[in-house]
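Enquirer: This structure is in structure tokens; I'll ask about it shortly.
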Amino acid sequence: MMLRYFLALSVAIGTLGFANAAAPDCSRPYTLALHDHGLLYSADTDTGIDKDVAVELIRRSGCKVTVSLMPRARIWQLIESGALDFSLSGITDAERDKYAAFAWYFSDKYYLLVRKDTAVRHLADFERNEKFRLGVIRGFRYSETANHLVDKLQEANRVSKAGGLDPLYQTLMLNLIQGMIIEPFDYPTLEEKRIREATVIIEFADPPVPHGLIMSKKALAQAEQEKWRSLVDGMRADGSMRRIFEKYFKPELAATMVDF
Amino acid sequence: MPATHKPGAAARSFPLHWLILAITLGVSWLAWDHERQTSSKALRSQFDFAVHDTVSRVEQRMDAYVQMLRGVQGLLAITGTSDRSALRDYVHTLGLDANFSGIQAIGIVEWTPAQRKNAHVAAMRRRGFADYVIRPAGERDAYAPIIQREPYVGRNTAAPGFDPWSDPVRRLAMEKARDSGMAAISGQIRLVVDEDRDASPGFIMYLPIFVRGQPHENVAERRAQLVGWIYAAFHMSDFMASLYGTQTPGLSLSIFDDVVPSDAALLYRTAANAAVHPGMAGFAMNANEYLVVAGHTWTLSMSALKEFETRFGHNAETAIIVAGTWLSLMLSLLVWLIGTGRARALRLAAAMTEELQHMAKHDALTELPNRALFSDRLNNELARAKRHGDHFAVIFLDLDNFKPINDSFGHAVGDLLLQQVARRLQDAIRASDTVGRMGGDEFVVLMPELLGTDAALGLAEKIRQAMRQTFLVHGHELVISCSLGVAVFPEDGTDEITLTKNADEAMYRAKNSGRDNVRLAASSNNG
């Protein structure tokens, strides 16, 4: 019993000491951009996972961080140029690795959301029918197989691009596109039932893709990146990240997303 | 029949050049197809870039207007909405010049729940708008009338009081702005200040104003602390004209409200596109992209016109296929020439042999049988006449006074005269007769199947008469005559040598007796 208390105490002290050592440099204000995307962030309600993560991260950092809303493609441009410090729920690829650092906090799988009336049951079915169009968000990358599908259809001029999820759901329901690539948090709060009824989901056979805090390498030195990364790790370690996800998902799904 | 070619050689060469043609044409096609795909890919990425660029320019311009309106929002958060000079001065300072040419008006909308309506109207009348009413009239739960519109010139001086909350399209954007605390734009509308029904489509951007010093961190707080909205009204055509950068040439662009591109939802269309219905043939590429600008969706529809393809395409495909086909044909022709060379050489040799054979038996100048061929025919006739006991005649002919013509007019004229003489001889004789040239101005006629000596003399006389007719050579009228000697088989000889010797001797006698004469061989005379 004593031993357990002792351990808990040393972990607490250790964490405290670590946290103090890792406090980011707050000598300048920072910028963080959100993008309107399903449960990650909804401008209509000014709520979402990313907003909650941002609030908690900013609170822990003790820094002044200005939060704004931008299209995802613009966020990547500004991260690359160093004009923007942070964004959230980003995934990486070889290109992004060059200009962005990440602090992972959840991982999930990608799915092809496809209209029931297309009779598509496998990924290959969708690719085969030349009439089917796929909707994607400009600037988005997905898991490997999904990216491959997007690139192939793009070559065949079968991809419709959009600046956000809303027009994709609208065009899907209007049958202007027949499929789109989604993540679990992509269902809109409105119309969710109607969309679920009219569609089926097909899982991409890729491992879950980690998502995290995006940090501009140009704006933040390596040492600073480490400090912000340890803040995110702290949120995961003490369960606050899981609590944020449990606000939006069933506990089991939240658990599989944040424990990876 | 001469052996012109060997069938086996032809059979071997036949498939080879066709095979070469098929292969080279195939290679040309592959090169063409590859170039076409590369070119089309490059064009496609150029087009994608142009679409992306246009989307960025629209988004950035919208951002610039949002920033400007945020300035107004910040001002009103401090001054409140009742100080009319604050907004007026601010807008004046902005100097809505060409940089902001998209904006028709900047104004303030006051949030007025039903219970505050009368107080609101009274306050507005106190401010100097004696006839102030909220339009459209009627009782509603809440109102959001326009209380100020700047710059206060021209159409913007129209009376305040219009309630945009009463219009579902405007209200949607106002609610969105209020709940999110951010800028939101309306769908396609006709601006209130536009009295003209055909006015360019417009939209309105709203930003909420909240009570100063009160928290508005969530939807509930924002709804509770709402004072009104600051708005900017735009004509879509002006908005598009104010974009930064330049539009890639050769593209037509349309922008539609929401996600369905229909005529009713058309916000903007480039001039190039105005005349052509989208999706018509002649468009190489087109794409629809859905922009989310200030919380609202626009469909940007872009098509590449022929001009775009001409400007950015490689256009090497045509050169490749033309040059490829030409080279393929040339190569196949070369192979065909090599493959069929032997056959054609044999054919050529046969033709040349034939010609040589003809030359060996005919006189080159007159084309008449020469001495050798005549001798052949004479011997054939000898054998035949001996077998059947027939008669035939040999007539020797020598032109009189030919040498002086040659001397005075030249050999060319002499040769032409000899050709005419040959033709006249051929005209004079029967079809079964043979006339040959012995050389110089000496000719000889073989008359087979002769009825009698008289017939032979008759023909000789006919020839003599014919020769006396004037010849026309190179404009010279030439008069000549001839001396003829006739020998008849078997009377004047039963072999070639005797017959020709006797005819020759008779011809000399004719010459000696004053020329232009016919003489029968001596033996016949004796007979």
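Please note that chains go A, B, ... in the order of the structure tokens, that every chain numbers its residues from 1, and that ligands are numbered from 1 in the order shown.
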Pull out every residue of chain A that has at least one atom within 7 Å of chain B, counting only C-alpha atoms, and report them as a PyMOL selection string.

Expert: chain A and resi 43-46+160-164+167+171

Enquirer: Could you please take those selected residues and save all heavy atoms as a compact mmCIF listing (two decimals), in the first residue's frame?

Expert:
```
# COMPACT_ATOMS: atom_id res chain seq x y z
N ALA A 43 -18.15 25.19 -37.72
CA ALA A 43 -18.21 26.65 -37.56
C ALA A 43 -19.62 27.06 -37.14
O ALA A 43 -19.78 28.06 -36.43
CB ALA A 43 -17.82 27.32 -38.86
N ASP A 44 -20.62 26.31 -37.57
CA ASP A 44 -22.01 26.67 -37.24
C ASP A 44 -22.23 26.71 -35.73
O ASP A 44 -22.99 27.53 -35.23
CB ASP A 44 -22.98 25.66 -37.87
CG ASP A 44 -23.03 25.83 -39.38
OD1 ASP A 44 -22.53 26.86 -39.87
OD2 ASP A 44 -23.56 24.93 -40.06
N THR A 45 -21.58 25.79 -35.05
CA THR A 45 -21.78 25.72 -33.59
C THR A 45 -20.53 26.12 -32.83
O THR A 45 -20.57 26.23 -31.61
CB THR A 45 -22.16 24.28 -33.19
OG1 THR A 45 -21.12 23.40 -33.64
CG2 THR A 45 -23.48 23.87 -33.83
N ASP A 46 -19.44 26.34 -33.54
CA ASP A 46 -18.15 26.66 -32.94
C ASP A 46 -17.75 25.61 -31.91
O ASP A 46 -17.27 25.92 -30.83
CB ASP A 46 -18.20 28.07 -32.30
CG ASP A 46 -16.82 28.55 -31.87
OD1 ASP A 46 -15.82 28.05 -32.42
OD2 ASP A 46 -16.75 29.41 -30.97
N SER A 160 -14.39 14.90 -57.99
CA SER A 160 -14.92 16.25 -57.73
C SER A 160 -14.28 16.75 -56.45
O SER A 160 -14.28 16.04 -55.44
CB SER A 160 -16.42 16.22 -57.56
OG SER A 160 -17.05 15.97 -58.78
N LYS A 161 -13.76 17.97 -56.51
CA LYS A 161 -13.10 18.50 -55.32
C LYS A 161 -13.98 19.53 -54.64
O LYS A 161 -14.74 20.24 -55.29
CB LYS A 161 -11.77 19.13 -55.71
CG LYS A 161 -10.76 18.07 -56.11
CD LYS A 161 -9.47 18.69 -56.54
CE LYS A 161 -8.52 17.60 -57.01
NZ LYS A 161 -7.48 18.13 -57.87
N ALA A 162 -13.82 19.62 -53.33
CA ALA A 162 -14.62 20.57 -52.57
C ALA A 162 -13.76 21.19 -51.48
O ALA A 162 -12.73 20.65 -51.10
CB ALA A 162 -15.82 19.88 -51.96
N GLY A 163 -14.22 22.34 -50.99
CA GLY A 163 -13.49 23.03 -49.94
C GLY A 163 -13.90 22.56 -48.56
O GLY A 163 -13.37 23.02 -47.56
N GLY A 164 -14.86 21.63 -48.48
CA GLY A 164 -15.30 21.14 -47.18
C GLY A 164 -16.22 19.95 -47.34
O GLY A 164 -16.58 19.56 -48.45
N PRO A 167 -20.50 20.42 -48.94
CA PRO A 167 -20.91 20.23 -50.34
C PRO A 167 -20.76 18.79 -50.81
O PRO A 167 -21.51 18.34 -51.68
CB PRO A 167 -19.97 21.15 -51.11
CG PRO A 167 -18.98 21.68 -50.16
CD PRO A 167 -19.46 21.42 -48.79
N THR A 171 -23.76 16.88 -52.54
CA THR A 171 -23.67 16.33 -53.90
C THR A 171 -23.86 14.81 -53.89
O THR A 171 -24.38 14.24 -54.82
CB THR A 171 -22.33 16.69 -54.57
OG1 THR A 171 -21.27 16.46 -53.66
CG2 THR A 171 -22.31 18.14 -55.01
```

Enquirer: Pick out the residues sitting within 8 Å of Val211 in chain B, and hand them over as an mmCIF file with N, CA and C atoms, in the first residue's frame; count only C-alpha atoms, and ignore anything fewer than 2 positions along from it in its own chain.

Expert:
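Contents of part07.cif, freshly written:
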```cif
data_model
loop_
_atom_site.group_PDB
_atom_site.id
_atom_site.type_symbol
_atom_site.label_atom_id
_atom_site.label_comp_id
_atom_site.auth_asym_id
_atom_site.auth_seq_id
_atom_site.Cartn_x
_atom_site.Cartn_y
_atom_site.Cartn_z
ATOM 1 N N ALA B 77 -17.880 47.447 -32.062
ATOM 2 C CA ALA B 77 -17.824 46.834 -30.735
ATOM 3 C C ALA B 77 -17.460 47.907 -29.701
ATOM 4 N N ILE B 209 -22.498 41.486 -34.206
ATOM 5 C CA ILE B 209 -21.987 42.434 -33.198
ATOM 6 C C ILE B 209 -22.606 42.007 -31.865
ATOM 7 N N GLY B 213 -18.071 43.693 -23.790
ATOM 8 C CA GLY B 213 -17.662 43.270 -22.456
ATOM 9 C C GLY B 213 -18.360 42.019 -21.948
ATOM 10 N N GLN B 214 -19.296 41.471 -22.727
ATOM 11 C CA GLN B 214 -19.989 40.252 -22.302
ATOM 12 C C GLN B 214 -19.383 39.052 -23.042
ATOM 13 N N GLN B 225 -26.263 37.659 -26.359
ATOM 14 C CA GLN B 225 -25.543 38.938 -26.371
ATOM 15 C C GLN B 225 -25.586 39.656 -27.731
ATOM 16 N N LEU B 226 -26.476 39.215 -28.595
ATOM 17 C CA LEU B 226 -26.503 39.785 -29.955
ATOM 18 C C LEU B 226 -27.048 41.219 -29.965
ATOM 19 N N VAL B 227 -26.323 42.106 -30.606
ATOM 20 C CA VAL B 227 -26.777 43.492 -30.772
ATOM 21 C C VAL B 227 -27.300 43.686 -32.197
#
```

Enquirer: Looking only at helix (DSSP H, G or I) from DSSP on the backbone, list the matching residues of range 16-223 of chain A as a VMD selection string.

Expert: chain A and resid 16 to 21 49 to 61 72 to 81 94 to 99 116 to 118 123 to 128 144 to 155 165 to 173 184 to 186 192 to 198 222 to 223

Enquirer: Fewer than 6 positions away in the same chain doesn't count, so skip those; otherwise give me all residues within 12 Å of range 246-253 of chain A, counting only C-alpha atoms, as a PyMOL selection string.

Expert: chain A and resi 38-41+47-50+52-53+106-109+184-189+239-240+259-260

Enquirer: When you look at Ile58 in chain A with a cut-off of 10 Å (counting only C-alpha atoms), what residues show up, excluding the ones that are within fewer than 6 positions of it in the same chain? I need them as a short mmCIF file (atom, residue, chain, number, x, y, z; two decimals) with all heavy atoms, in the first residue's frame.

Expert:
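Written out: part_39.cif:
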```cif
data_model
loop_
_atom_site.label_atom_id
_atom_site.label_comp_id
_atom_site.auth_asym_id
_atom_site.auth_seq_id
_atom_site.Cartn_x
_atom_site.Cartn_y
_atom_site.Cartn_z
N TYR A 30 1.15 32.79 -30.51
CA TYR A 30 1.14 31.77 -31.56
C TYR A 30 -0.18 31.81 -32.35
O TYR A 30 -1.15 32.46 -31.92
CB TYR A 30 1.33 30.38 -30.95
CG TYR A 30 2.69 30.18 -30.35
CD1 TYR A 30 2.92 30.38 -29.00
CD2 TYR A 30 3.77 29.78 -31.16
CE1 TYR A 30 4.18 30.19 -28.44
CE2 TYR A 30 5.03 29.59 -30.62
CZ TYR A 30 5.23 29.80 -29.26
OH TYR A 30 6.48 29.62 -28.73
N LEU A 32 -3.04 29.30 -34.40
CA LEU A 32 -3.54 27.95 -34.62
C LEU A 32 -4.77 28.03 -35.52
O LEU A 32 -5.63 28.88 -35.28
CB LEU A 32 -3.87 27.27 -33.28
CG LEU A 32 -4.32 25.81 -33.29
CD1 LEU A 32 -3.87 25.10 -32.01
CD2 LEU A 32 -5.81 25.63 -33.48
N ASP A 52 -11.88 21.53 -28.77
CA ASP A 52 -11.65 21.10 -27.38
C ASP A 52 -10.17 20.84 -27.14
O ASP A 52 -9.63 21.22 -26.10
CB ASP A 52 -12.46 19.82 -27.08
CG ASP A 52 -13.96 20.10 -27.11
OD1 ASP A 52 -14.34 21.28 -27.18
OD2 ASP A 52 -14.75 19.12 -27.07
N LYS A 64 -0.19 32.66 -25.33
CA LYS A 64 -1.28 33.33 -26.05
C LYS A 64 -1.33 32.73 -27.46
O LYS A 64 -0.35 32.79 -28.22
CB LYS A 64 -0.98 34.83 -26.10
CG LYS A 64 -1.82 35.61 -27.09
CD LYS A 64 -3.13 36.08 -26.48
CE LYS A 64 -3.96 36.86 -27.50
NZ LYS A 64 -5.29 36.26 -27.68
N VAL A 65 -2.47 32.09 -27.78
CA VAL A 65 -2.61 31.47 -29.10
C VAL A 65 -3.88 32.00 -29.77
O VAL A 65 -4.96 31.91 -29.21
CB VAL A 65 -2.68 29.93 -29.01
CG1 VAL A 65 -2.79 29.32 -30.40
CG2 VAL A 65 -1.48 29.36 -28.27
N THR A 66 -3.72 32.58 -30.95
CA THR A 66 -4.88 33.08 -31.70
C THR A 66 -5.42 31.97 -32.58
O THR A 66 -4.68 31.40 -33.39
CB THR A 66 -4.49 34.29 -32.57
OG1 THR A 66 -3.78 35.21 -31.75
CG2 THR A 66 -5.70 34.95 -33.18
N VAL A 67 -6.70 31.67 -32.41
CA VAL A 67 -7.31 30.58 -33.17
C VAL A 67 -8.15 31.15 -34.31
O VAL A 67 -8.90 32.10 -34.10
CB VAL A 67 -8.20 29.70 -32.26
CG1 VAL A 67 -8.82 28.56 -33.06
CG2 VAL A 67 -7.38 29.15 -31.10
N TRP A 228 5.93 21.10 -27.13
CA TRP A 228 4.51 21.01 -27.49
C TRP A 228 4.09 19.54 -27.59
O TRP A 228 2.99 19.18 -27.20
CB TRP A 228 4.23 21.74 -28.80
CG TRP A 228 4.27 23.24 -28.65
CD1 TRP A 228 5.33 24.05 -28.85
CD2 TRP A 228 3.20 24.09 -28.22
NE1 TRP A 228 5.02 25.36 -28.59
CE2 TRP A 228 3.70 25.43 -28.20
CE3 TRP A 228 1.87 23.88 -27.84
CZ2 TRP A 228 2.92 26.51 -27.83
CZ3 TRP A 228 1.09 24.97 -27.49
CH2 TRP A 228 1.61 26.27 -27.46
N LEU A 231 3.33 18.21 -24.27
CA LEU A 231 2.01 18.66 -23.77
C LEU A 231 0.91 17.72 -24.29
O LEU A 231 0.01 17.32 -23.54
CB LEU A 231 1.71 20.08 -24.25
CG LEU A 231 2.47 21.23 -23.59
CD1 LEU A 231 1.97 22.56 -24.15
CD2 LEU A 231 2.31 21.20 -22.07
#
```

Enquirer: Give me, as a ChimeraX atom specification, the residues of range 5-252 of chain A that a backbone DSSP run labels strand (DSSP E or B).

Expert: /A:30-34,37,41-42,47,65-69,86-90,100-108,111-115,134-137,159-162,179-182,199-203,209-216

Enquirer: Near Val159 in chain A, counting only C-alpha atoms, which residues have an atom at most 12 Å away, once you skip same-chain residues fewer than 4 positions from it, shown as an NGL selection string?

Expert: (:A and (127 or 130-138 or 149-155 or 168 or 176-181)) or (:B and (48 or 286-290))

Enquirer: Take the residues from that selection and write them out as a PDB file, in the first residue's frame, keeping N, CA and C atoms.

Expert:
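Output contents, as saved in out.pdb:
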```
ATOM      1  N   GLU A 127     -14.205   1.522 -58.631  1.00  0.00           N
ATOM      2  CA  GLU A 127     -13.190   1.925 -59.610  1.00  0.00           C
ATOM      3  C   GLU A 127     -13.605   1.504 -61.019  1.00  0.00           C
ATOM      4  N   GLU A 130     -17.125   3.438 -64.806  1.00  0.00           N
ATOM      5  CA  GLU A 130     -16.607   4.747 -65.215  1.00  0.00           C
ATOM      6  C   GLU A 130     -17.562   5.901 -64.933  1.00  0.00           C
ATOM      7  N   LYS A 131     -18.812   5.574 -64.612  1.00  0.00           N
ATOM      8  CA  LYS A 131     -19.781   6.643 -64.364  1.00  0.00           C
ATOM      9  C   LYS A 131     -19.681   7.179 -62.933  1.00  0.00           C
ATOM     10  N   PHE A 132     -19.060   6.397 -62.048  1.00  0.00           N
ATOM     11  CA  PHE A 132     -19.020   6.807 -60.647  1.00  0.00           C
ATOM     12  C   PHE A 132     -17.964   7.876 -60.420  1.00  0.00           C
ATOM     13  N   ARG A 133     -18.395   8.930 -59.726  1.00  0.00           N
ATOM     14  CA  ARG A 133     -17.469  10.011 -59.390  1.00  0.00           C
ATOM     15  C   ARG A 133     -17.216  10.000 -57.883  1.00  0.00           C
ATOM     16  N   LEU A 134     -15.980  10.357 -57.538  1.00  0.00           N
ATOM     17  CA  LEU A 134     -15.582  10.373 -56.142  1.00  0.00           C
ATOM     18  C   LEU A 134     -15.407  11.826 -55.705  1.00  0.00           C
ATOM     19  N   GLY A 135     -15.903  12.130 -54.516  1.00  0.00           N
ATOM     20  CA  GLY A 135     -15.723  13.479 -53.992  1.00  0.00           C
ATOM     21  C   GLY A 135     -14.603  13.492 -52.964  1.00  0.00           C
ATOM     22  N   VAL A 136     -13.709  14.471 -53.094  1.00  0.00           N
ATOM     23  CA  VAL A 136     -12.639  14.610 -52.099  1.00  0.00           C
ATOM     24  C   VAL A 136     -12.520  16.076 -51.705  1.00  0.00           C
ATOM     25  N   ILE A 137     -11.852  16.303 -50.581  1.00  0.00           N
ATOM     26  CA  ILE A 137     -11.607  17.675 -50.144  1.00  0.00           C
ATOM     27  C   ILE A 137     -10.235  18.085 -50.652  1.00  0.00           C
ATOM     28  N   ARG A 138     -10.176  19.225 -51.304  1.00  0.00           N
ATOM     29  CA  ARG A 138      -8.894  19.676 -51.849  1.00  0.00           C
ATOM     30  C   ARG A 138      -7.870  19.823 -50.721  1.00  0.00           C
ATOM     31  N   LEU A 149      -6.592   5.176 -54.850  1.00  0.00           N
ATOM     32  CA  LEU A 149      -7.880   5.272 -55.547  1.00  0.00           C
ATOM     33  C   LEU A 149      -8.118   6.700 -56.036  1.00  0.00           C
ATOM     34  N   VAL A 150      -7.844   7.664 -55.171  1.00  0.00           N
ATOM     35  CA  VAL A 150      -8.052   9.071 -55.537  1.00  0.00           C
ATOM     36  C   VAL A 150      -7.179   9.434 -56.750  1.00  0.00           C
ATOM     37  N   ASP A 151      -5.903   9.051 -56.693  1.00  0.00           N
ATOM     38  CA  ASP A 151      -4.980   9.409 -57.779  1.00  0.00           C
ATOM     39  C   ASP A 151      -5.406   8.784 -59.096  1.00  0.00           C
ATOM     40  N   LYS A 152      -5.858   7.532 -59.016  1.00  0.00           N
ATOM     41  CA  LYS A 152      -6.248   6.828 -60.236  1.00  0.00           C
ATOM     42  C   LYS A 152      -7.497   7.470 -60.856  1.00  0.00           C
ATOM     43  N   LEU A 153      -8.481   7.772 -60.018  1.00  0.00           N
ATOM     44  CA  LEU A 153      -9.714   8.384 -60.517  1.00  0.00           C
ATOM     45  C   LEU A 153      -9.453   9.815 -60.989  1.00  0.00           C
ATOM     46  N   GLN A 154      -8.524  10.471 -60.323  1.00  0.00           N
ATOM     47  CA  GLN A 154      -8.163  11.836 -60.721  1.00  0.00           C
ATOM     48  C   GLN A 154      -7.645  11.838 -62.166  1.00  0.00           C
ATOM     49  N   GLU A 155      -6.829  10.843 -62.479  1.00  0.00           N
ATOM     50  CA  GLU A 155      -6.289  10.735 -63.844  1.00  0.00           C
ATOM     51  C   GLU A 155      -7.407  10.551 -64.861  1.00  0.00           C
ATOM     52  N   LEU A 168     -19.822  18.028 -50.220  1.00  0.00           N
ATOM     53  CA  LEU A 168     -19.681  16.631 -50.623  1.00  0.00           C
ATOM     54  C   LEU A 168     -20.906  15.819 -50.215  1.00  0.00           C
ATOM     55  N   LEU A 176     -24.762  13.555 -57.547  1.00  0.00           N
ATOM     56  CA  LEU A 176     -23.784  14.175 -58.458  1.00  0.00           C
ATOM     57  C   LEU A 176     -22.427  13.491 -58.285  1.00  0.00           C
ATOM     58  N   ILE A 177     -22.162  13.025 -57.069  1.00  0.00           N
ATOM     59  CA  ILE A 177     -21.042  12.101 -56.852  1.00  0.00           C
ATOM     60  C   ILE A 177     -21.646  10.846 -56.241  1.00  0.00           C
ATOM     61  N   GLN A 178     -20.927   9.731 -56.353  1.00  0.00           N
ATOM     62  CA  GLN A 178     -21.489   8.478 -55.849  1.00  0.00           C
ATOM     63  C   GLN A 178     -20.745   7.979 -54.610  1.00  0.00           C
ATOM     64  N   GLY A 179     -19.567   8.546 -54.377  1.00  0.00           N
ATOM     65  CA  GLY A 179     -18.815   8.102 -53.209  1.00  0.00           C
ATOM     66  C   GLY A 179     -17.925   9.203 -52.677  1.00  0.00           C
ATOM     67  N   MET A 180     -17.519   9.056 -51.403  1.00  0.00           N
ATOM     68  CA  MET A 180     -16.551   9.987 -50.819  1.00  0.00           C
ATOM     69  C   MET A 180     -15.783   9.234 -49.734  1.00  0.00           C
ATOM     70  N   ILE A 181     -14.611   9.764 -49.399  1.00  0.00           N
ATOM     71  CA  ILE A 181     -13.800   9.083 -48.399  1.00  0.00           C
ATOM     72  C   ILE A 181     -13.993   9.771 -47.061  1.00  0.00           C
TER      73      ILE A 181
ATOM     74  N   ASP B  48      -5.865  21.603 -64.078  1.00  0.00           N
ATOM     75  CA  ASP B  48      -6.088  21.460 -62.640  1.00  0.00           C
ATOM     76  C   ASP B  48      -5.464  22.616 -61.869  1.00  0.00           C
ATOM     77  N   ASN B 286     -13.457  19.853 -68.495  1.00  0.00           N
ATOM     78  CA  ASN B 286     -14.240  20.691 -67.599  1.00  0.00           C
ATOM     79  C   ASN B 286     -14.218  20.092 -66.206  1.00  0.00           C
ATOM     80  N   ALA B 287     -14.451  20.936 -65.231  1.00  0.00           N
ATOM     81  CA  ALA B 287     -14.440  20.472 -63.846  1.00  0.00           C
ATOM     82  C   ALA B 287     -15.357  21.351 -63.015  1.00  0.00           C
ATOM     83  N   ASN B 288     -15.999  20.723 -62.045  1.00  0.00           N
ATOM     84  CA  ASN B 288     -16.776  21.465 -61.065  1.00  0.00           C
ATOM     85  C   ASN B 288     -16.052  21.359 -59.738  1.00  0.00           C
ATOM     86  N   GLU B 289     -15.859  22.484 -59.105  1.00  0.00           N
ATOM     87  CA  GLU B 289     -15.275  22.421 -57.764  1.00  0.00           C
ATOM     88  C   GLU B 289     -16.176  23.186 -56.812  1.00  0.00           C
ATOM     89  N   TYR B 290     -16.330  22.618 -55.610  1.00  0.00           N
ATOM     90  CA  TYR B 290     -17.222  23.227 -54.634  1.00  0.00           C
ATOM     91  C   TYR B 290     -16.407  24.027 -53.636  1.00  0.00           C
TER      92      TYR B 290
END
```

Enquirer: Have a look at CA of Leu172 in chain B and CA of Tyr231 in chain B and let me know their distance in Å, one decimal.

Expert: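 Spanning CA of Leu172 in chain B to CA of Tyr231 in chain B is a straight-line distance of 13.7 Å.
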
Enquirer: Please provide as a PyMOL selection string all residues within 12 Å of Glu110 in chain B, with the sequence filter that same-chain residues fewer than 6 positions apart are discarded (counting only C-alpha atoms).

Expert: chain B and resi 76+80-82+116-117+120-121+123-124+134+142-148+160-165+174+208-210+226-231
